[in-house]
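To start, the structure itself, in structure tokens.
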Amino acid sequence: MSTQDRAVLEVVKESGESTLDRATAKAKETFDQFLNVSLNIAVTGKTGSGKSSFVNVILGLRDNDEGAAPTGVTETTKEPTMYVHPTMPNVKIWDLPGIGSPNFKANKYLKEMKFKTYDFFIILNSERFMQNDILLAKEIRKRKKFFYFVRSKIDIDISSEQRKKRFNEQKVLDTIREDCQNNLKEMGDSKVFLISSVDLGKYDFEMLENTLLEELPVHKRSALLQAWPVCSAACLEKKIKLFKGLIWATSLASAGVAAAPVPGLSVVCDAVIVLLFLSRCYYAFGLDDRSLKRLSKKVGIPLKEYRAKSKFADAIQKKAITTIQVSSALVTLAAIKDMLSLLPGVGSAVAAGLSFASTQYLLREGLNELANTALEIRKVAGLDTI
């Protein structure tokens, strides 16, 4: 427990029970919001622009994975299709039909897509942005929602231009960006993000993430950060910072349960809170089997053995919740004891429930170890470092 945390706790205690109750209630509210705040992302644009591939990128899925949005050169999306994030069920990605396609007329489209459902819109195009894109953006702006122009399939453009003499990648990118912005002049000073769904570490994918984090309401940012794929070391560090900032509230929320006069409730709820928090870290940092398999295939290096070095990651992978659900009913007391017995100095705490200090210690140790494991894996994979 840090000196700062100890000092704050003492102030709360000395201020009286009502203050402590209020602090605990606020902590529970913060933790509940962290677990449950919803985020609905709409992805739309021209038919064939790579909408479904972009949806799959945010879902952390490959195009041929089970549950992935279907892709193709023809319009595969005939109506708004919702995809629930596989590890963040409160985050939903909506694949909307291509505006201006033969199946959808712009004026009808704008009435039928239920704009109020979505927190923001990604408008994709793999070529020039056209009048239909502008029409859609104007309607979104009129309804006071955020939208972001994304120029997709940049890797294909770069690959094509590389065959030419005096190829200069930055010049190609600048030309594409300028061309897109010229077509969007009537929208004012609109940013255009250049991305490749094949390589998230290149181009503007991280810039798009940063812009979304700046413009989203504060309580929505944690949902985006948890669900967003790890595209760089800087992205991973933002996730780590998010979880570090939640340890205090999570520990206090857990301590509040200990006062409940129900035998066994404290131990179950304490352990569930620890499991939920560390499992969220595990998935957000890309330590799950699917993420590591995808990264291993990309870099040609087996990576699961590095995860196995972490007792926390190994325990979560073997004993914890397989899909993140905010429900203690999914976790049996036996499974909790089994998992916690793998962690240092915790087994005996199960019988009595975890105190504020021990919960805080466990969360910090777990978070730090999972974070270091994720950073080491990126280093072994030869990816960028801070």
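To be explicit about the labels: the chains of the structure tokens are called A, B, and onward in the order shown, and within each one the residues are counted from 1, while ligands get numbers from 1 in the order they are shown.
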*Quick one: DSSP alpha helix (DSSP H) residues in region 129-262 of chain A, as a count of residues only?*
80
Would you kindly return, as a PDB file with N, CA, C and O atoms, in the first residue's frame, each protein, DNA or RNA residue with an atom no farther than 10 Å from any atom of region 140-144 of chain A, considering only C-alpha atoms and excluding same-chain residues fewer than 3 positions away?
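Below is the file that was written, around_21.pdb:
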```pdb
ATOM      1  N   LEU A 110     -30.581   7.272 -44.390  1.00  0.00           N
ATOM      2  CA  LEU A 110     -30.445   8.198 -43.266  1.00  0.00           C
ATOM      3  C   LEU A 110     -31.612   8.103 -42.294  1.00  0.00           C
ATOM      4  O   LEU A 110     -31.483   8.464 -41.129  1.00  0.00           O
ATOM      5  N   PHE A 115     -29.896   6.397 -35.837  1.00  0.00           N
ATOM      6  CA  PHE A 115     -28.688   7.099 -35.435  1.00  0.00           C
ATOM      7  C   PHE A 115     -28.497   7.201 -33.925  1.00  0.00           C
ATOM      8  O   PHE A 115     -27.383   7.204 -33.421  1.00  0.00           O
ATOM      9  N   LYS A 116     -29.601   7.283 -33.175  1.00  0.00           N
ATOM     10  CA  LYS A 116     -29.501   7.481 -31.727  1.00  0.00           C
ATOM     11  C   LYS A 116     -28.822   6.309 -31.025  1.00  0.00           C
ATOM     12  O   LYS A 116     -28.367   6.446 -29.887  1.00  0.00           O
ATOM     13  N   PHE A 120     -20.641   7.026 -31.826  1.00  0.00           N
ATOM     14  CA  PHE A 120     -19.941   7.749 -32.890  1.00  0.00           C
ATOM     15  C   PHE A 120     -19.921   6.889 -34.147  1.00  0.00           C
ATOM     16  O   PHE A 120     -20.255   5.701 -34.120  1.00  0.00           O
ATOM     17  N   PHE A 121     -19.523   7.517 -35.266  1.00  0.00           N
ATOM     18  CA  PHE A 121     -19.552   6.858 -36.566  1.00  0.00           C
ATOM     19  C   PHE A 121     -18.170   6.869 -37.208  1.00  0.00           C
ATOM     20  O   PHE A 121     -17.480   7.895 -37.189  1.00  0.00           O
ATOM     21  N   ILE A 134     -20.368  12.679 -47.637  1.00  0.00           N
ATOM     22  CA  ILE A 134     -20.599  14.028 -47.102  1.00  0.00           C
ATOM     23  C   ILE A 134     -22.035  14.164 -46.606  1.00  0.00           C
ATOM     24  O   ILE A 134     -22.287  14.735 -45.538  1.00  0.00           O
ATOM     25  N   LEU A 135     -22.961  13.635 -47.377  1.00  0.00           N
ATOM     26  CA  LEU A 135     -24.370  13.678 -46.983  1.00  0.00           C
ATOM     27  C   LEU A 135     -24.574  12.997 -45.631  1.00  0.00           C
ATOM     28  O   LEU A 135     -25.267  13.511 -44.753  1.00  0.00           O
ATOM     29  N   LEU A 136     -23.958  11.844 -45.482  1.00  0.00           N
ATOM     30  CA  LEU A 136     -24.072  11.113 -44.230  1.00  0.00           C
ATOM     31  C   LEU A 136     -23.445  11.898 -43.083  1.00  0.00           C
ATOM     32  O   LEU A 136     -24.027  12.008 -42.000  1.00  0.00           O
ATOM     33  N   ALA A 137     -22.263  12.457 -43.315  1.00  0.00           N
ATOM     34  CA  ALA A 137     -21.571  13.218 -42.272  1.00  0.00           C
ATOM     35  C   ALA A 137     -22.386  14.439 -41.836  1.00  0.00           C
ATOM     36  O   ALA A 137     -22.468  14.762 -40.642  1.00  0.00           O
ATOM     37  N   PHE A 147     -18.268  11.973 -35.920  1.00  0.00           N
ATOM     38  CA  PHE A 147     -17.981  11.085 -37.032  1.00  0.00           C
ATOM     39  C   PHE A 147     -16.508  11.252 -37.407  1.00  0.00           C
ATOM     40  O   PHE A 147     -15.892  12.291 -37.145  1.00  0.00           O
ATOM     41  N   MET A 187     -17.044  20.118 -45.714  1.00  0.00           N
ATOM     42  CA  MET A 187     -17.217  19.700 -44.319  1.00  0.00           C
ATOM     43  C   MET A 187     -16.347  20.515 -43.384  1.00  0.00           C
ATOM     44  O   MET A 187     -16.360  20.299 -42.165  1.00  0.00           O
TER      45      MET A 187
END
```
_So that I can check the surroundings of Glu209 (chain A), please list as a list in words every protein, DNA and RNA residue that reaches within 9 Å of it, counting only C-alpha atoms and ignoring chain neighbours fewer than 5 positions away._
Asp204, Glu214, Leu224, Leu225, Trp228 and Cys235 of chain A
Pull all heavy atoms from the residues just selected and write them as a JSON list (two decimals), in the first residue's frame.
```json
[["chain", "number", "residue", "atom", "x", "y", "z"],
["A", 204, "ASP", "N", -2.25, 5.70, -39.44],
["A", 204, "ASP", "CA", -2.96, 6.56, -38.48],
["A", 204, "ASP", "C", -3.86, 5.80, -37.50],
["A", 204, "ASP", "O", -4.72, 6.42, -36.88],
["A", 204, "ASP", "CB", -3.82, 7.57, -39.24],
["A", 204, "ASP", "CG", -3.00, 8.54, -40.07],
["A", 204, "ASP", "OD1", -1.78, 8.68, -39.81],
["A", 204, "ASP", "OD2", -3.56, 9.15, -41.00],
["A", 214, "GLU", "N", -9.88, 11.43, -26.87],
["A", 214, "GLU", "CA", -10.00, 12.86, -26.54],
["A", 214, "GLU", "C", -11.44, 13.33, -26.62],
["A", 214, "GLU", "O", -11.87, 14.18, -25.83],
["A", 214, "GLU", "CB", -9.15, 13.69, -27.51],
["A", 214, "GLU", "CG", -7.65, 13.57, -27.29],
["A", 214, "GLU", "CD", -6.86, 14.29, -28.37],
["A", 214, "GLU", "OE1", -7.51, 14.97, -29.21],
["A", 214, "GLU", "OE2", -5.63, 14.17, -28.40],
["A", 224, "LEU", "N", -13.65, 1.94, -24.51],
["A", 224, "LEU", "CA", -12.89, 1.96, -25.76],
["A", 224, "LEU", "C", -11.48, 1.42, -25.55],
["A", 224, "LEU", "O", -11.00, 0.59, -26.33],
["A", 224, "LEU", "CB", -12.82, 3.39, -26.31],
["A", 224, "LEU", "CG", -12.05, 3.50, -27.64],
["A", 224, "LEU", "CD1", -12.93, 3.05, -28.79],
["A", 224, "LEU", "CD2", -11.54, 4.91, -27.87],
["A", 225, "LEU", "N", -10.83, 1.86, -24.48],
["A", 225, "LEU", "CA", -9.45, 1.43, -24.23],
["A", 225, "LEU", "C", -9.35, -0.07, -24.01],
["A", 225, "LEU", "O", -8.41, -0.73, -24.48],
["A", 225, "LEU", "CB", -8.88, 2.18, -23.01],
["A", 225, "LEU", "CG", -7.96, 3.36, -23.29],
["A", 225, "LEU", "CD1", -7.47, 3.96, -21.99],
["A", 225, "LEU", "CD2", -6.77, 2.95, -24.15],
["A", 228, "TRP", "N", -10.11, -1.77, -27.55],
["A", 228, "TRP", "CA", -9.27, -1.41, -28.69],
["A", 228, "TRP", "C", -8.08, -2.36, -28.79],
["A", 228, "TRP", "O", -7.44, -2.66, -27.80],
["A", 228, "TRP", "CB", -8.77, 0.03, -28.53],
["A", 228, "TRP", "CG", -8.31, 0.68, -29.80],
["A", 228, "TRP", "CD1", -7.04, 0.88, -30.23],
["A", 228, "TRP", "CD2", -9.15, 1.26, -30.81],
["A", 228, "TRP", "NE1", -7.02, 1.53, -31.43],
["A", 228, "TRP", "CE2", -8.31, 1.78, -31.81],
["A", 228, "TRP", "CE3", -10.54, 1.40, -30.96],
["A", 228, "TRP", "CZ2", -8.79, 2.42, -32.96],
["A", 228, "TRP", "CZ3", -11.03, 2.04, -32.09],
["A", 228, "TRP", "CH2", -10.16, 2.54, -33.08],
["A", 235, "CYS", "N", -0.03, 2.34, -27.03],
["A", 235, "CYS", "CA", -1.41, 1.92, -26.80],
["A", 235, "CYS", "C", -1.48, 1.02, -25.56],
["A", 235, "CYS", "O", -2.37, 1.18, -24.72],
["A", 235, "CYS", "CB", -1.94, 1.18, -28.02],
["A", 235, "CYS", "SG", -3.59, 0.47, -27.82]]
```
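For the choices A:Leu363, A:Leu213, A:Val380, A:Ile240, the atom-to-atom distance to Arg307 (chain A) is smallest for A:Val380 when using only C-alpha atoms.
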*Could you check which of A:Thr175, A:Ser53, A:Ile156, A:Lys165 is closest to Leu124 (chain A), using only C-alpha atoms?*
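With only C-alpha atoms as the atom set, the closest residue is A:Ser53.
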_Give me the residues near region 79-84 of chain A as a VMD selection string, where near means some atom within 12 Å (using only C-alpha atoms) and where sequence neighbours in that chain fewer than 4 positions away do not count._
chain A and resid 38 to 44 51 to 52 55 to 61 66 to 70 75 88 to 99 103 to 104 109 112 to 115 117 to 118 227 323 to 324
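Distances here use only C-alpha atoms; by that measure, the residue among A:Ala381, A:Leu236, A:Leu194, A:Ala284 closest to Pro302 (chain A) is A:Ala381.
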_I'd like the interatomic distance between CA of Gln131 (chain A) and CA of Phe54 (chain A), to a tenth of an Å._
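So the answer is 21.8 Å.
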*asked:* Show me, as a list in words, the residues that have an atom within 12 Å of Leu303 (chain A) when counting only C-alpha atoms, minus same-chain residues fewer than 6 positions from it.
replied: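 Once the nearby chain positions are removed, what remains is Gly286, Leu287, Asp288, Asp289, Arg290, Ser291, Leu292, Lys293, Arg294, Leu295, Ser296, Lys297, Lys309, Thr373, Ala374, Glu376, Ile377, Arg378, Lys379, Val380, Ala381 and Gly382 of chain A.
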*Excluding Gln181 (chain A) and any residue of its chain fewer than 3 positions from it, enumerate the residues within 9 Å of it, using only C-alpha atoms, and give them as a list in words.*
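Surrounding residues, per the criterion: Phe129, Ile176, Arg177, Glu178, Leu184, Lys185, Asp189, Ser190, Lys191 and Val192 of chain A.
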*asked:* What's around Glu29 (chain A) at 12 Å? Count only C-alpha atoms, leave out sequence neighbours fewer than 2 positions away in its own chain, and write the answer as a list in words.
replied: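 Listed by chain and then number, they are Arg22, Ala23, Thr24, Ala25, Lys26, Ala27, Phe31, Asp32, Gln33, Phe34, Leu35, Asn36, Val37, His219, Leu246, Ala249, Thr250, Leu252, Ala253, Ser254 and Gly256 of chain A.
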*Atom-to-atom span, CA of Asn368 (chain A) and CA of Lys244 (chain A), Å*: 8.8 Å
*asked:* Could you tell me how far CA of Thr87 (chain A) sits from CA of Leu370 (chain A), in Å to one decimal place?
replied: 16.6 Å
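With only C-alpha atoms as the atoms that count, the minimum distance from Val274 (chain A) to the choices A:Gln170, A:Ser159, A:Thr71, A:Thr359 is reached by A:Thr359.
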